[in-house]
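To start, the structure under review is shown below, and the notes come after it.
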Protein chains: 2
Amino acid sequence: MSSAKTFAFRPRGSKAEVETGLDFEPKFDADGLVPAIVTDARSGEVLMFAFMNAEALGLSMETGIVHFWSRSRAALWKKGAESGNVFKIVEMRTDCDQDVIWLRVTVEGDGHACHTGRRSCFYRLIAVGDGAGEASQLSLAPDADDA
Amino acid sequence: MSSAKTFAFRPRGSKAEVETGLDFEPKFDADGLVPAIVTDARSGEVLMFAFMNAEALGLSMETGIVHFWSRSRAALWKKGAESGNVFKIVEMRTDCDQDVIWLRVTVEGDGHACHTGRRSCFYRLIAVGDGAGEASQLSLAPDADDA
């Protein structure tokens, strides 16, 4: 097992620098993590949501392949390393506060991003409006593939 | 000021129930929050990322209008209440683990989701590949509108 590579991103500047500047100064939370949203580069569908630590973010930027930090396993997680469903980065963005990462990707392998075997992790709809409350039922999205 | 309405969502079931069931059993983190991804219902573009507590999630489901929890102000936050750029929910989804919310919305008012006056908060690209590292520069996305 190779030792972790250390990535030290730039310190945060003023609010104006963070919002309007072109220096990448990502904000990591108290646990050293930044949220990452993954969408399909073609369809725009949200495929997955996970977290990155500095190493996962740095490796994603260097290699063009999405790496996360697995909170449950407390380990660096190259998405698809076992399944082959690697996320290849087409475009990477950050938001106004530079505290979120958005990745537009293509999914290698069999194209299934979700560990349940589905194309996307977001295969269920939440009811909205009339009577939708705490005891709400989900429904399978029309575009959800089988698993 | 009216007192906060209490929303008590269903307790979490087993991993299998959460992943394959149709009971909505959202997971809130140690701070009582669940991440929420907002995309444009037509273009698929990611517009914003924020957090919801149980009240914000319940109100979003009841009213069809997106509410967040503002961590900086420690207050319920009806997005667009002041600017008029309210997020009207077209579709709401959750993921396999039911610990993330995805909202497909239309933006009312002048259509600008970001507080900087842009359509989306994600107006800057992060360099990927050759030489991209901790000292990386951002670039303005070609589709970023002015602010």
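Residue names in the structure tokens use chain letters A, B, ... in the order shown, residue numbers from 1 in each chain, and ligand numbers from 1 in the order shown.
For chain A, the residues within 6 Å of chain B are Ala8, Phe9, Leu22, Asp23, Phe24, Gly44, Met61, Glu62, Thr63, Gly64, Met92, Arg93, Thr94, Asp95, Cys96, Cys121, Phe122, Arg124, Leu125, Ile126, Val128, Gly129, Ala132, Glu134, Ser136, Gln137 and Leu138 of chain A, with only C-alpha atoms used to measure distance.
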With N, CA, C and O atoms kept, could you save the residues just selected as a short mmCIF file (atom, residue, chain, number, x, y, z; two decimals), in the first residue's frame?
data_model
loop_
_atom_site.label_atom_id
_atom_site.label_comp_id
_atom_site.auth_asym_id
_atom_site.auth_seq_id
_atom_site.Cartn_x
_atom_site.Cartn_y
_atom_site.Cartn_z
N ALA A 8 -1.98 20.19 -0.70
CA ALA A 8 -2.24 21.38 0.11
C ALA A 8 -2.78 22.47 -0.82
O ALA A 8 -2.01 23.08 -1.57
N PHE A 9 -4.07 22.67 -0.80
CA PHE A 9 -4.66 23.69 -1.65
C PHE A 9 -4.44 25.08 -1.06
O PHE A 9 -4.09 25.23 0.11
N LEU A 22 -10.07 33.86 -9.72
CA LEU A 22 -9.79 32.66 -10.52
C LEU A 22 -8.74 31.78 -9.85
O LEU A 22 -8.17 30.89 -10.48
N ASP A 23 -8.47 32.00 -8.58
CA ASP A 23 -7.64 31.07 -7.80
C ASP A 23 -8.55 30.01 -7.20
O ASP A 23 -9.58 30.36 -6.60
N PHE A 24 -8.14 28.76 -7.34
CA PHE A 24 -8.94 27.69 -6.75
C PHE A 24 -8.58 27.57 -5.28
O PHE A 24 -7.46 27.23 -4.92
N GLY A 44 -27.27 15.10 -18.31
CA GLY A 44 -27.47 16.05 -17.20
C GLY A 44 -28.03 15.39 -15.96
O GLY A 44 -28.14 16.03 -14.91
N MET A 61 -8.29 15.75 -9.92
CA MET A 61 -7.81 16.80 -10.81
C MET A 61 -6.60 16.34 -11.62
O MET A 61 -6.47 16.64 -12.80
N GLU A 62 -5.69 15.62 -10.99
CA GLU A 62 -4.47 15.16 -11.66
C GLU A 62 -4.75 14.10 -12.72
O GLU A 62 -4.17 14.11 -13.80
N THR A 63 -5.64 13.15 -12.36
CA THR A 63 -5.83 11.97 -13.21
C THR A 63 -7.02 12.06 -14.16
O THR A 63 -7.11 11.29 -15.12
N GLY A 64 -7.97 12.97 -13.85
CA GLY A 64 -9.17 13.04 -14.67
C GLY A 64 -10.16 11.93 -14.37
O GLY A 64 -11.15 11.75 -15.07
N MET A 92 -15.20 19.88 -14.76
CA MET A 92 -15.23 20.02 -13.30
C MET A 92 -15.48 21.48 -12.99
O MET A 92 -14.85 22.37 -13.59
N ARG A 93 -16.40 21.75 -12.07
CA ARG A 93 -16.73 23.14 -11.72
C ARG A 93 -16.76 23.29 -10.21
O ARG A 93 -16.90 22.32 -9.47
N THR A 94 -16.69 24.53 -9.77
CA THR A 94 -16.96 24.81 -8.36
C THR A 94 -17.98 25.94 -8.28
O THR A 94 -18.27 26.59 -9.29
N ASP A 95 -18.54 26.14 -7.10
CA ASP A 95 -19.61 27.13 -6.98
C ASP A 95 -19.08 28.46 -6.43
O ASP A 95 -17.88 28.61 -6.21
N CYS A 96 -19.97 29.41 -6.26
CA CYS A 96 -19.60 30.76 -5.84
C CYS A 96 -18.74 30.75 -4.58
O CYS A 96 -17.76 31.48 -4.49
N CYS A 121 -28.07 6.79 -8.84
CA CYS A 121 -28.52 6.53 -7.46
C CYS A 121 -29.91 7.13 -7.20
O CYS A 121 -30.57 6.76 -6.24
N PHE A 122 -30.34 8.04 -8.07
CA PHE A 122 -31.59 8.78 -7.81
C PHE A 122 -32.73 8.17 -8.61
O PHE A 122 -33.24 8.77 -9.55
N ARG A 124 -35.70 7.08 -7.25
CA ARG A 124 -37.01 7.19 -6.60
C ARG A 124 -37.46 8.64 -6.44
O ARG A 124 -36.68 9.52 -6.07
N LEU A 125 -38.75 8.86 -6.71
CA LEU A 125 -39.35 10.19 -6.62
C LEU A 125 -39.95 10.39 -5.23
O LEU A 125 -40.52 9.47 -4.65
N ILE A 126 -39.86 11.61 -4.75
CA ILE A 126 -40.51 12.02 -3.51
C ILE A 126 -41.77 12.81 -3.89
O ILE A 126 -41.70 13.71 -4.72
N VAL A 128 -44.60 15.54 -3.90
CA VAL A 128 -44.59 16.97 -3.57
C VAL A 128 -46.02 17.51 -3.67
O VAL A 128 -46.77 17.09 -4.55
N GLY A 129 -46.39 18.40 -2.78
CA GLY A 129 -47.70 19.03 -2.84
C GLY A 129 -48.74 18.27 -2.04
O GLY A 129 -48.40 17.56 -1.10
N ALA A 132 -48.40 15.81 0.85
CA ALA A 132 -47.05 15.26 1.01
C ALA A 132 -46.49 15.71 2.35
O ALA A 132 -46.40 16.90 2.63
N GLU A 134 -44.49 14.08 6.29
CA GLU A 134 -43.45 13.24 6.89
C GLU A 134 -43.62 11.76 6.58
O GLU A 134 -42.67 11.01 6.57
N SER A 136 -44.59 10.46 3.83
CA SER A 136 -44.70 10.36 2.37
C SER A 136 -44.14 9.04 1.84
O SER A 136 -43.21 8.47 2.40
N GLN A 137 -44.75 8.59 0.76
CA GLN A 137 -44.26 7.40 0.06
C GLN A 137 -43.42 7.84 -1.13
O GLN A 137 -43.68 8.87 -1.75
N LEU A 138 -42.44 7.03 -1.47
CA LEU A 138 -41.64 7.25 -2.68
C LEU A 138 -42.28 6.49 -3.83
O LEU A 138 -43.10 5.59 -3.62
#
Just list as a PyMOL selection string whatever in chain B DSSP marks as strand (DSSP E). chain B and resi 34-40+46-52+67-70+75-78+87-94+101-107+124-126+138-140
Residues of chain A in helix (DSSP H, G or I), written as a list in words: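 Reading the DSSP output for chain A, helix (DSSP H, G or I) covers Lys15, Ala16, Glu17, Val18, Glu19, Thr20, Ala54, Glu55, Ala56, Leu57, Gly58, Leu59, Ser60, Met61, Glu62 and Thr63 of chain A.
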Would you mind exporting the chosen residues as a compact mmCIF listing (two decimals), in the first residue's frame, restricted to C-alpha atoms?
# COMPACT_ATOMS: atom_id res chain seq x y z
CA LYS A 15 -15.26 36.59 0.25
CA ALA A 16 -14.80 38.69 -2.89
CA GLU A 17 -11.67 36.78 -3.91
CA VAL A 18 -13.41 33.44 -3.40
CA GLU A 19 -16.52 34.48 -5.32
CA THR A 20 -15.05 36.42 -8.20
CA ALA A 54 -7.96 16.99 -0.26
CA GLU A 55 -6.27 13.83 -1.54
CA ALA A 56 -9.36 12.64 -3.43
CA LEU A 57 -9.87 16.10 -4.94
CA GLY A 58 -6.20 16.42 -5.90
CA LEU A 59 -6.11 12.97 -7.46
CA SER A 60 -9.32 13.63 -9.39
CA MET A 61 -7.81 16.80 -10.81
CA GLU A 62 -4.47 15.16 -11.66
CA THR A 63 -5.83 11.97 -13.21
Show me, as a ChimeraX atom specification, the residues that have an atom within 9 Å of Asp146 of chain A when counting only C-alpha atoms, minus same-chain residues fewer than 2 positions from it. /A:117-119,144
Which residues are close to Gly84 of chain A, i.e. within 9 Å by only C-alpha atoms, leaving aside same-chain residues fewer than 5 positions away? Reply as a count of residues only. 5
Under the rule that only C-alpha atoms are counted, which of B:Ala74, B:Met52, B:Ala30, B:Ala113 is the nearest residue to Phe87 of chain B? B:Ala113
